[in-house]
$ cat upload.txt   # compact mmCIF, C-alpha atoms
# COMPACT_ATOMS: atom_id res chain seq x y z
CA MET A 1316 0.00 0.00 0.00
CA THR A 1317 1.22 3.51 -0.76
CA SER A 1318 1.31 6.38 1.77
CA GLN A 1319 -1.69 8.00 0.08
CA THR A 1320 -3.72 4.84 0.61
CA PHE A 1321 -3.18 5.03 4.39
CA VAL A 1322 -4.30 8.67 4.43
CA VAL A 1323 -7.40 7.89 2.34
CA LEU A 1324 -8.23 4.91 4.60
CA ALA A 1325 -7.79 7.01 7.76
CA TYR A 1326 -10.08 9.80 6.50
CA MET A 1327 -12.61 7.25 5.24
CA ALA A 1328 -12.59 5.58 8.69
CA ILE A 1329 -13.18 8.94 10.43
CA TRP A 1330 -16.10 10.07 8.28
CA ALA A 1331 -17.64 6.63 7.83
CA GLY A 1332 -17.43 6.07 11.59
CA LEU A 1333 -19.04 9.41 12.43
CA ALA A 1334 -21.67 8.95 9.70
CA ALA A 1335 -22.52 5.48 11.05
CA TYR A 1336 -22.92 6.96 14.53
CA VAL A 1337 -25.24 9.72 13.23
CA VAL A 1338 -27.29 7.13 11.28
CA GLY A 1339 -27.49 5.04 14.48
CA LEU A 1340 -28.80 8.05 16.41
CA ALA A 1341 -31.35 8.79 13.67
CA ARG A 1342 -32.60 5.18 13.76
CA ARG A 1343 -32.95 5.31 17.56
CA GLN A 1344 -34.86 8.60 17.26
CA HIS A 1345 -37.14 7.02 14.64
CA ARG A 1346 -37.73 3.98 16.90
CA LEU A 1347 -38.54 6.33 19.79
CA ALA A 1348 -41.09 8.19 17.64
CA ARG A 1349 -42.75 4.86 16.78
CA ARG A 1350 -42.89 3.90 20.48
CA ILE A 1351 -44.48 7.27 21.33
CA GLU A 1352 -47.11 6.70 18.60
CA ALA A 1353 -47.82 3.20 19.95
CA LEU A 1354 -48.23 4.58 23.48
CA ALA A 1355 -50.54 7.34 22.20
CA GLU A 1356 -52.66 4.66 20.46
CA ARG A 1357 -52.91 2.71 23.73
CA ILE A 1358 -53.89 5.76 25.78
CA ARG A 1359 -56.40 7.27 23.31
CA PRO A 1360 -59.45 4.96 23.85
CA GLY A 1361 -59.45 5.67 27.59
CA GLU A 1362 -59.45 9.44 27.14
CA GLY A 1363 -63.10 9.99 26.34
CA MET B 576 -33.83 35.34 8.92
CA THR B 577 -33.58 33.64 12.28
CA LEU B 578 -31.50 30.54 12.84
CA ARG B 579 -32.98 28.07 15.32
CA ARG B 580 -30.65 27.29 18.25
CA SER B 581 -30.59 23.59 17.39
CA ALA B 582 -29.43 24.42 13.84
CA ILE B 583 -26.42 26.51 14.88
CA LEU B 584 -24.01 23.62 15.55
CA PRO B 585 -24.92 21.59 12.42
CA ALA B 586 -24.65 24.78 10.33
CA LEU B 587 -21.24 25.58 11.84
CA SER B 588 -20.09 21.98 11.26
CA ALA B 589 -21.23 22.15 7.64
CA VAL B 590 -18.86 25.10 7.15
CA LEU B 591 -15.96 24.08 9.39
CA VAL B 592 -15.59 20.38 8.46
CA PRO B 593 -15.15 20.91 4.68
CA ALA B 594 -12.90 23.92 5.41
CA ALA B 595 -10.75 21.80 7.74
CA VAL B 596 -10.43 18.93 5.24
CA ALA B 597 -9.59 21.42 2.46
CA MET B 598 -6.92 23.03 4.65
CA VAL B 599 -5.37 19.62 5.42
CA PHE B 600 -4.99 18.72 1.74
CA PHE B 601 -4.53 22.09 0.00
CA TYR B 602 -3.06 24.50 2.58
CA ALA B 603 -0.90 22.57 5.09
CA PRO B 604 2.60 21.91 3.74
CA LEU B 605 3.96 18.40 3.32
CA GLU B 606 5.94 17.25 6.36
CA ARG B 607 9.59 16.54 5.46
CA THR B 608 10.17 13.11 7.04
CA MET B 609 6.70 11.53 7.19
CA GLY B 610 5.35 12.98 3.95
CA VAL B 611 1.63 12.74 3.18
CA VAL B 612 0.95 10.26 6.05
CA GLN B 613 1.45 13.12 8.55
CA LYS B 614 -1.89 14.55 7.32
CA ILE B 615 -3.66 11.91 9.44
CA PHE B 616 -2.41 13.82 12.51
CA TYR B 617 -4.66 16.87 11.83
CA PHE B 618 -7.77 14.88 12.77
CA HIS B 619 -6.14 12.21 14.98
CA LEU B 620 -5.08 14.76 17.63
CA PRO B 621 -8.40 16.74 17.80
CA LEU B 622 -10.35 13.44 17.95
CA ALA B 623 -8.20 12.37 20.92
CA GLY B 624 -8.76 15.79 22.52
CA VAL B 625 -12.56 15.60 22.28
CA ALA B 626 -12.51 11.96 23.41
CA PHE B 627 -10.76 13.14 26.59
CA LEU B 628 -13.28 15.97 26.86
CA SER B 629 -16.10 13.43 26.60
CA PHE B 630 -14.65 11.42 29.49
CA LEU B 631 -14.21 14.61 31.52
CA VAL B 632 -17.91 15.42 30.95
CA ALA B 633 -18.78 11.82 31.92
CA CYS B 634 -16.68 12.09 35.10
CA VAL B 635 -18.12 15.47 36.17
CA SER B 636 -21.71 14.41 35.41
CA GLY B 637 -21.04 11.11 37.23
CA ILE B 638 -20.00 13.01 40.36
CA LEU B 639 -23.01 15.34 40.04
CA TYR B 640 -25.35 12.34 39.60
CA LEU B 641 -23.93 10.59 42.68
CA VAL B 642 -24.40 13.79 44.72
CA ARG B 643 -27.78 15.01 43.41
CA ARG B 644 -29.41 11.86 41.92
CA GLU B 645 -30.88 13.88 39.05
CA ARG B 646 -31.69 12.20 35.72
CA ARG B 647 -30.21 15.04 33.66
CA TRP B 648 -26.69 14.23 34.94
CA ASP B 649 -27.13 10.58 33.99
CA ALA B 650 -28.19 11.75 30.51
CA TRP B 651 -25.02 13.85 30.16
CA GLY B 652 -22.94 10.90 31.37
CA ALA B 653 -24.59 8.38 29.01
CA ALA B 654 -24.12 10.70 26.02
CA ALA B 655 -20.51 11.54 26.90
CA VAL B 656 -19.43 7.92 27.46
CA GLU B 657 -20.99 6.71 24.22
CA LEU B 658 -19.46 9.52 22.18
CA GLY B 659 -16.11 9.09 23.97
CA VAL B 660 -15.98 5.41 23.02
CA VAL B 661 -16.82 6.20 19.36
CA LEU B 662 -14.10 8.87 19.25
CA THR B 663 -11.50 6.70 21.02
CA THR B 664 -12.21 3.94 18.47
CA LEU B 665 -11.53 6.43 15.67
CA VAL B 666 -8.33 7.59 17.44
CA LEU B 667 -7.09 3.98 17.71
CA VAL B 668 -7.97 3.22 14.07
CA THR B 669 -6.37 6.40 12.65
CA GLY B 670 -3.33 5.90 14.91
CA SER B 671 -2.92 2.38 13.61
CA LEU B 672 -3.22 3.59 9.99
CA TRP B 673 -0.52 6.19 10.73
CA GLY B 674 1.68 3.66 12.56
CA ARG B 675 1.79 1.07 9.75
CA PRO B 676 3.76 3.22 7.25
CA ILE B 677 5.76 5.14 9.92
CA TRP B 678 6.60 2.44 12.51
CA ASN B 679 6.14 -0.46 10.10
CA THR B 680 3.58 -2.05 12.42
CA TRP B 681 -0.20 -1.77 12.92
CA TRP B 682 0.15 -2.01 16.71
CA THR B 683 2.87 -1.93 19.36
CA TRP B 684 2.57 -2.16 23.15
CA ASP B 685 3.84 1.39 23.61
CA PRO B 686 2.70 3.17 26.86
CA ARG B 687 0.52 5.69 24.95
CA LEU B 688 -1.16 3.02 22.83
CA THR B 689 -1.60 0.58 25.70
CA THR B 690 -3.12 3.15 28.08
CA SER B 691 -5.42 4.37 25.27
CA LEU B 692 -6.62 0.81 24.67
CA ILE B 693 -7.24 0.41 28.43
CA LEU B 694 -9.28 3.64 28.34
CA TRP B 695 -11.35 2.21 25.48
CA PHE B 696 -11.96 -1.02 27.44
CA ILE B 697 -12.98 0.86 30.62
CA TYR B 698 -15.61 2.99 28.91
CA THR B 699 -16.79 0.15 26.64
CA ALA B 700 -17.41 -1.79 29.87
CA CYS B 701 -19.45 1.22 31.04
CA LEU B 702 -21.58 0.99 27.86
CA ILE B 703 -22.10 -2.75 28.37
CA LEU B 704 -23.06 -2.10 31.99
CA ARG B 705 -25.63 0.48 30.90
CA SER B 706 -27.31 -1.98 28.58
CA ALA B 707 -27.16 -4.83 31.13
CA VAL B 708 -28.80 -3.28 34.23
CA GLU B 709 -32.61 -2.97 34.13
CA ASP B 710 -33.30 -0.69 37.09
CA GLU B 711 -32.76 2.97 36.12
CA GLY B 712 -31.41 4.17 39.47
CA ARG B 713 -28.95 1.30 39.85
CA ARG B 714 -27.86 1.58 36.22
CA ALA B 715 -27.15 5.30 36.59
CA THR B 716 -25.25 4.78 39.85
CA TYR B 717 -23.05 1.96 38.51
CA CYS B 718 -22.30 3.88 35.31
CA ALA B 719 -21.49 7.06 37.27
CA VAL B 720 -19.02 5.13 39.46
CA VAL B 721 -17.30 3.55 36.43
CA ALA B 722 -17.19 6.92 34.62
CA VAL B 723 -15.56 8.63 37.62
CA ALA B 724 -13.11 5.79 38.37
CA GLY B 725 -12.27 5.33 34.68
CA PHE B 726 -11.26 8.96 34.34
CA VAL B 727 -8.09 8.16 36.32
CA ASP B 728 -6.73 6.68 33.09
CA VAL B 729 -7.15 9.93 31.08
CA PRO B 730 -4.21 11.85 32.66
CA ILE B 731 -2.17 8.63 32.46
CA VAL B 732 -2.82 8.45 28.69
CA PHE B 733 -1.95 12.13 28.31
CA LEU B 734 1.29 11.89 30.31
CA SER B 735 2.32 8.41 29.14
CA ALA B 736 4.38 9.66 26.17
CA ARG B 737 6.10 12.22 28.43
CA LEU B 738 6.72 10.14 31.57
CA PHE B 739 7.60 6.76 30.07
CA ARG B 740 9.88 5.73 27.23
CA SER B 741 7.53 6.01 24.28
CA ILE B 742 7.90 6.01 20.52
CA HIS B 743 4.66 8.00 20.19
CA PRO B 744 5.51 11.55 19.02
CA THR B 745 4.80 14.51 21.33
CA VAL B 746 4.21 17.42 18.95
CA ILE B 747 2.76 19.91 21.46
CA ARG B 748 5.01 20.43 24.48
CA SER B 749 4.72 22.88 27.35
CA ASP B 750 7.51 25.06 25.92
CA SER B 751 7.07 24.68 22.16
CA VAL B 752 4.93 23.39 19.29
CA GLY B 753 6.88 21.39 16.72
CA LEU B 754 4.85 22.65 13.77
CA GLU B 755 5.08 25.34 11.09
CA PRO B 756 2.55 28.24 11.34
CA ALA B 757 0.49 26.89 8.40
CA MET B 758 0.34 23.50 10.13
CA ILE B 759 -0.73 25.14 13.41
CA TRP B 760 -3.57 27.03 11.63
CA THR B 761 -4.71 23.83 9.94
CA LEU B 762 -4.66 21.99 13.26
CA LEU B 763 -6.66 24.80 14.93
CA VAL B 764 -9.36 24.75 12.23
CA CYS B 765 -9.55 20.94 12.43
CA ALA B 766 -9.83 21.17 16.24
CA ALA B 767 -12.63 23.75 15.93
CA ALA B 768 -14.48 21.55 13.39
CA VAL B 769 -14.19 18.45 15.57
CA LEU B 770 -15.19 20.39 18.71
CA VAL B 771 -18.33 21.82 17.08
CA LEU B 772 -19.27 18.39 15.70
CA TRP B 773 -18.69 16.87 19.16
CA ALA B 774 -20.88 19.46 20.88
CA GLY B 775 -23.68 18.87 18.37
CA LEU B 776 -23.56 15.08 18.70
CA LEU B 777 -23.34 15.25 22.50
CA GLY B 778 -26.43 17.47 22.67
CA LEU B 779 -28.32 15.20 20.27
CA ARG B 780 -27.45 12.03 22.21
CA ARG B 781 -28.30 13.64 25.55
CA SER B 782 -31.68 14.77 24.27
CA LEU B 783 -32.39 11.24 22.91
CA HIS B 784 -31.55 9.75 26.32
CA LEU B 785 -33.90 12.16 28.10
CA GLN B 786 -36.72 11.45 25.62
CA GLU B 787 -36.29 7.68 26.08
CA ALA B 788 -36.37 8.07 29.87
CA ALA B 789 -39.48 10.28 29.68
CA LEU B 790 -41.20 7.70 27.45
CA SER B 791 -40.38 4.92 29.96
CA ASP B 792 -41.98 7.05 32.69
CA LEU B 793 -45.11 7.59 30.56
CA ARG B 794 -45.39 3.86 29.79
CA ALA B 795 -45.09 3.01 33.48
CA LEU B 796 -47.79 5.59 34.26
CA ALA B 797 -50.05 4.18 31.54
CA GLU B 798 -49.54 0.64 32.91
CA ARG B 799 -50.46 1.79 36.41
CA ALA B 800 -53.54 3.69 35.20
CA ARG B 801 -54.97 0.54 33.53
$ encode --input "upload.txt" --output "structure tokens"
Amino acid sequence: MTSQTFVVLAYMAIWAGLAAYVVGLARRQHRLARRIEALAERIRPGEG
Amino acid sequence: MTLRRSAILPALSAVLVPAAVAMVFFYAPLERTMGVVQKIFYFHLPLAGVAFLSFLVACVSGILYLVRRERRWDAWGAAAVELGVVLTTLVLVTGSLWGRPIWNTWWTWDPRLTTSLILWFIYTACLILRSAVEDEGRRATYCAVVAVAGFVDVPIVFLSARLFRSIHPTVIRSDSVGLEPAMIWTLLVCAAAVLVLWAGLLGLRRSLHLQEAALSDLRALAERAR
């Protein structure tokens, strides 16, 4: 491997790693929104 | 036009990150002995800095949680530990990718590398602990204790290359910085970009933790009301 390859791999690791973390956070936020909707559905019939 | 508070950090990151990467490749001069591989350093060092900052936040919020028993401190701690582990992983990976062409090895049991790996293990254990304990109060207490105790390793990592015989370079010393002015400017912009990104991600993760905890409370209330 050439020196440039190591630099490219290092920068790819940084941005891919951070992007994967952000995607993970977004998925957890999405899952949370779904759980809130499910809870709202469960509560709604008892309201009236 | 008004910019929402939550959009300030992402907007700043969107400007600073491309500027930092551009400075690394088009502005910073080529280092004489290491050549192009030295360019890994411009993000490796700031990532290590914010990883340490994450563990400092985890330690302080751990102490505050143990004293006050307030959920918000557990949220700060959970966010900081998780982000710290992600950043330390990136530091170890980029360090290894720098070490292969420079030291001719992917890994060596050097004091700086070894103490950094120990740091990663300590806070990864904290993450595992958080996912393993069911009861919220116990989970927060255990994690706060690990976060506070684990922080002991941070100054050891920082000082390891200075106190012990280490092959890890020490670019920034108390009396001098072994870099050209253009390299210092590049490093500062990279540090600013990483710091802004870190602050944004920490806030996002903390808010997610609080929302999850609030939802658990609501579900428990709904169960009781049935």
$ interface_residues --input "upload.txt" --of "chain B" --to "chain A" --cutoff "8 Å" --atoms "all atoms listed in the file" --output "ChimeraX atom specification"
/B:611-612,614-615,661,665,668-669,672-673,676,776,780,783,786-787,790,794,797
$ write_last_selection --input "upload.txt" --atoms "C-alpha atoms" --output "PDB file, in the coordinates of the input"
ATOM      1  CA  VAL B 611       1.630  12.740   3.180  1.00  0.00           C
ATOM      2  CA  VAL B 612       0.950  10.260   6.050  1.00  0.00           C
ATOM      3  CA  LYS B 614      -1.890  14.550   7.320  1.00  0.00           C
ATOM      4  CA  ILE B 615      -3.660  11.910   9.440  1.00  0.00           C
ATOM      5  CA  VAL B 661     -16.820   6.200  19.360  1.00  0.00           C
ATOM      6  CA  LEU B 665     -11.530   6.430  15.670  1.00  0.00           C
ATOM      7  CA  VAL B 668      -7.970   3.220  14.070  1.00  0.00           C
ATOM      8  CA  THR B 669      -6.370   6.400  12.650  1.00  0.00           C
ATOM      9  CA  LEU B 672      -3.220   3.590   9.990  1.00  0.00           C
ATOM     10  CA  TRP B 673      -0.520   6.190  10.730  1.00  0.00           C
ATOM     11  CA  PRO B 676       3.760   3.220   7.250  1.00  0.00           C
ATOM     12  CA  LEU B 776     -23.560  15.080  18.700  1.00  0.00           C
ATOM     13  CA  ARG B 780     -27.450  12.030  22.210  1.00  0.00           C
ATOM     14  CA  LEU B 783     -32.390  11.240  22.910  1.00  0.00           C
ATOM     15  CA  GLN B 786     -36.720  11.450  25.620  1.00  0.00           C
ATOM     16  CA  GLU B 787     -36.290   7.680  26.080  1.00  0.00           C
ATOM     17  CA  LEU B 790     -41.200   7.700  27.450  1.00  0.00           C
ATOM     18  CA  ARG B 794     -45.390   3.860  29.790  1.00  0.00           C
ATOM     19  CA  ALA B 797     -50.050   4.180  31.540  1.00  0.00           C
TER      20      ALA B 797
END
$ residues_near_point --input "upload.txt" --point "(-12.3, 14.9, 13.1)" --cutoff "9 Å" --atoms "all atoms listed in the file" --output "PyMOL selection string"
(chain A and resi 1326+1329-1330+1333) or (chain B and resi 592+595+617-622+662+665+765-766+768-770+772)
$ atom_distance --input "upload.txt" --atom1 "CA of Asp685 in chain B" --atom2 "CA of Leu734 in chain B"
12.7 Å
$ atom_distance --input "upload.txt" --atom1 "CA of Asp728 in chain B" --atom2 "CA of Ile693 in chain B"
7.8 Å
$ residues_near_point --input "upload.txt" --point "(3.7, 4.9, 26.4)" --cutoff "10 Å" --atoms "all atoms listed in the file" --output "VMD selection string"
chain B and resid 683 to 691 731 to 743
$ atom_distance --input "upload.txt" --atom1 "CA of Gly775 in chain B" --atom2 "CA of Ser636 in chain B"
17.7 Å
$ closest_residue --input "upload.txt" --among "B:Leu754, B:Leu641, B:Ala707, B:Val720" --to "Arg607 in chain B" --atoms "all atoms listed in the file"
B:Leu754
$ closest_residue --input "upload.txt" --among "B:Val666, B:Val660, B:Ile747, B:Pro730" --to "Ile697 in chain B" --atoms "all atoms listed in the file"
B:Val660
$ decode --input "upload.txt" --residues "range 678-798 of chain B" --atoms "C-alpha atoms" --output "mmCIF file, in the first residue's frame"
data_model
loop_
_atom_site.group_PDB
_atom_site.id
_atom_site.type_symbol
_atom_site.label_atom_id
_atom_site.label_comp_id
_atom_site.auth_asym_id
_atom_site.auth_seq_id
_atom_site.Cartn_x
_atom_site.Cartn_y
_atom_site.Cartn_z
ATOM 1 C CA TRP B 678 6.597 2.444 12.511
ATOM 2 C CA ASN B 679 6.141 -0.459 10.103
ATOM 3 C CA THR B 680 3.576 -2.050 12.416
ATOM 4 C CA TRP B 681 -0.197 -1.770 12.922
ATOM 5 C CA TRP B 682 0.153 -2.009 16.714
ATOM 6 C CA THR B 683 2.873 -1.933 19.357
ATOM 7 C CA TRP B 684 2.567 -2.160 23.151
ATOM 8 C CA ASP B 685 3.837 1.392 23.613
ATOM 9 C CA PRO B 686 2.704 3.166 26.858
ATOM 10 C CA ARG B 687 0.516 5.693 24.951
ATOM 11 C CA LEU B 688 -1.162 3.022 22.826
ATOM 12 C CA THR B 689 -1.601 0.584 25.697
ATOM 13 C CA THR B 690 -3.124 3.151 28.084
ATOM 14 C CA SER B 691 -5.424 4.369 25.274
ATOM 15 C CA LEU B 692 -6.624 0.806 24.670
ATOM 16 C CA ILE B 693 -7.237 0.408 28.427
ATOM 17 C CA LEU B 694 -9.281 3.635 28.339
ATOM 18 C CA TRP B 695 -11.354 2.212 25.477
ATOM 19 C CA PHE B 696 -11.957 -1.025 27.437
ATOM 20 C CA ILE B 697 -12.980 0.856 30.624
ATOM 21 C CA TYR B 698 -15.607 2.990 28.911
ATOM 22 C CA THR B 699 -16.786 0.153 26.643
ATOM 23 C CA ALA B 700 -17.409 -1.791 29.869
ATOM 24 C CA CYS B 701 -19.448 1.216 31.043
ATOM 25 C CA LEU B 702 -21.575 0.990 27.856
ATOM 26 C CA ILE B 703 -22.100 -2.746 28.368
ATOM 27 C CA LEU B 704 -23.062 -2.103 31.989
ATOM 28 C CA ARG B 705 -25.629 0.484 30.897
ATOM 29 C CA SER B 706 -27.314 -1.980 28.576
ATOM 30 C CA ALA B 707 -27.161 -4.829 31.125
ATOM 31 C CA VAL B 708 -28.798 -3.282 34.228
ATOM 32 C CA GLU B 709 -32.612 -2.969 34.130
ATOM 33 C CA ASP B 710 -33.302 -0.688 37.090
ATOM 34 C CA GLU B 711 -32.762 2.975 36.118
ATOM 35 C CA GLY B 712 -31.415 4.166 39.469
ATOM 36 C CA ARG B 713 -28.946 1.300 39.849
ATOM 37 C CA ARG B 714 -27.857 1.581 36.221
ATOM 38 C CA ALA B 715 -27.155 5.301 36.585
ATOM 39 C CA THR B 716 -25.253 4.782 39.851
ATOM 40 C CA TYR B 717 -23.052 1.958 38.506
ATOM 41 C CA CYS B 718 -22.300 3.877 35.314
ATOM 42 C CA ALA B 719 -21.488 7.056 37.266
ATOM 43 C CA VAL B 720 -19.025 5.131 39.462
ATOM 44 C CA VAL B 721 -17.301 3.553 36.432
ATOM 45 C CA ALA B 722 -17.188 6.925 34.619
ATOM 46 C CA VAL B 723 -15.564 8.629 37.620
ATOM 47 C CA ALA B 724 -13.114 5.791 38.372
ATOM 48 C CA GLY B 725 -12.265 5.331 34.684
ATOM 49 C CA PHE B 726 -11.264 8.957 34.343
ATOM 50 C CA VAL B 727 -8.094 8.161 36.322
ATOM 51 C CA ASP B 728 -6.726 6.681 33.088
ATOM 52 C CA VAL B 729 -7.149 9.928 31.084
ATOM 53 C CA PRO B 730 -4.213 11.852 32.655
ATOM 54 C CA ILE B 731 -2.169 8.633 32.464
ATOM 55 C CA VAL B 732 -2.824 8.447 28.687
ATOM 56 C CA PHE B 733 -1.949 12.130 28.312
ATOM 57 C CA LEU B 734 1.286 11.894 30.311
ATOM 58 C CA SER B 735 2.324 8.408 29.137
ATOM 59 C CA ALA B 736 4.382 9.660 26.170
ATOM 60 C CA ARG B 737 6.095 12.216 28.427
ATOM 61 C CA LEU B 738 6.722 10.136 31.568
ATOM 62 C CA PHE B 739 7.600 6.755 30.075
ATOM 63 C CA ARG B 740 9.876 5.731 27.230
ATOM 64 C CA SER B 741 7.530 6.014 24.284
ATOM 65 C CA ILE B 742 7.904 6.013 20.519
ATOM 66 C CA HIS B 743 4.663 8.002 20.187
ATOM 67 C CA PRO B 744 5.505 11.550 19.020
ATOM 68 C CA THR B 745 4.802 14.509 21.335
ATOM 69 C CA VAL B 746 4.208 17.419 18.953
ATOM 70 C CA ILE B 747 2.757 19.905 21.456
ATOM 71 C CA ARG B 748 5.012 20.432 24.482
ATOM 72 C CA SER B 749 4.716 22.878 27.353
ATOM 73 C CA ASP B 750 7.511 25.061 25.919
ATOM 74 C CA SER B 751 7.068 24.680 22.158
ATOM 75 C CA VAL B 752 4.927 23.394 19.289
ATOM 76 C CA GLY B 753 6.875 21.391 16.719
ATOM 77 C CA LEU B 754 4.851 22.652 13.770
ATOM 78 C CA GLU B 755 5.080 25.342 11.093
ATOM 79 C CA PRO B 756 2.547 28.241 11.344
ATOM 80 C CA ALA B 757 0.493 26.894 8.399
ATOM 81 C CA MET B 758 0.340 23.504 10.130
ATOM 82 C CA ILE B 759 -0.734 25.141 13.408
ATOM 83 C CA TRP B 760 -3.566 27.029 11.631
ATOM 84 C CA THR B 761 -4.713 23.827 9.945
ATOM 85 C CA LEU B 762 -4.657 21.992 13.264
ATOM 86 C CA LEU B 763 -6.660 24.796 14.932
ATOM 87 C CA VAL B 764 -9.358 24.753 12.233
ATOM 88 C CA CYS B 765 -9.551 20.937 12.430
ATOM 89 C CA ALA B 766 -9.825 21.169 16.236
ATOM 90 C CA ALA B 767 -12.628 23.748 15.929
ATOM 91 C CA ALA B 768 -14.480 21.552 13.390
ATOM 92 C CA VAL B 769 -14.194 18.451 15.572
ATOM 93 C CA LEU B 770 -15.190 20.387 18.711
ATOM 94 C CA VAL B 771 -18.333 21.817 17.079
ATOM 95 C CA LEU B 772 -19.268 18.389 15.696
ATOM 96 C CA TRP B 773 -18.689 16.869 19.156
ATOM 97 C CA ALA B 774 -20.879 19.462 20.877
ATOM 98 C CA GLY B 775 -23.683 18.873 18.367
ATOM 99 C CA LEU B 776 -23.558 15.083 18.697
ATOM 100 C CA LEU B 777 -23.337 15.251 22.498
ATOM 101 C CA GLY B 778 -26.432 17.473 22.670
ATOM 102 C CA LEU B 779 -28.316 15.195 20.270
ATOM 103 C CA ARG B 780 -27.449 12.027 22.211
ATOM 104 C CA ARG B 781 -28.299 13.638 25.554
ATOM 105 C CA SER B 782 -31.682 14.766 24.267
ATOM 106 C CA LEU B 783 -32.393 11.244 22.914
ATOM 107 C CA HIS B 784 -31.549 9.746 26.317
ATOM 108 C CA LEU B 785 -33.905 12.156 28.104
ATOM 109 C CA GLN B 786 -36.717 11.451 25.622
ATOM 110 C CA GLU B 787 -36.287 7.675 26.079
ATOM 111 C CA ALA B 788 -36.368 8.069 29.872
ATOM 112 C CA ALA B 789 -39.485 10.282 29.681
ATOM 113 C CA LEU B 790 -41.201 7.698 27.452
ATOM 114 C CA SER B 791 -40.377 4.918 29.959
ATOM 115 C CA ASP B 792 -41.985 7.051 32.694
ATOM 116 C CA LEU B 793 -45.111 7.590 30.563
ATOM 117 C CA ARG B 794 -45.392 3.858 29.789
ATOM 118 C CA ALA B 795 -45.087 3.014 33.478
ATOM 119 C CA LEU B 796 -47.794 5.589 34.258
ATOM 120 C CA ALA B 797 -50.047 4.180 31.537
ATOM 121 C CA GLU B 798 -49.543 0.641 32.913
#
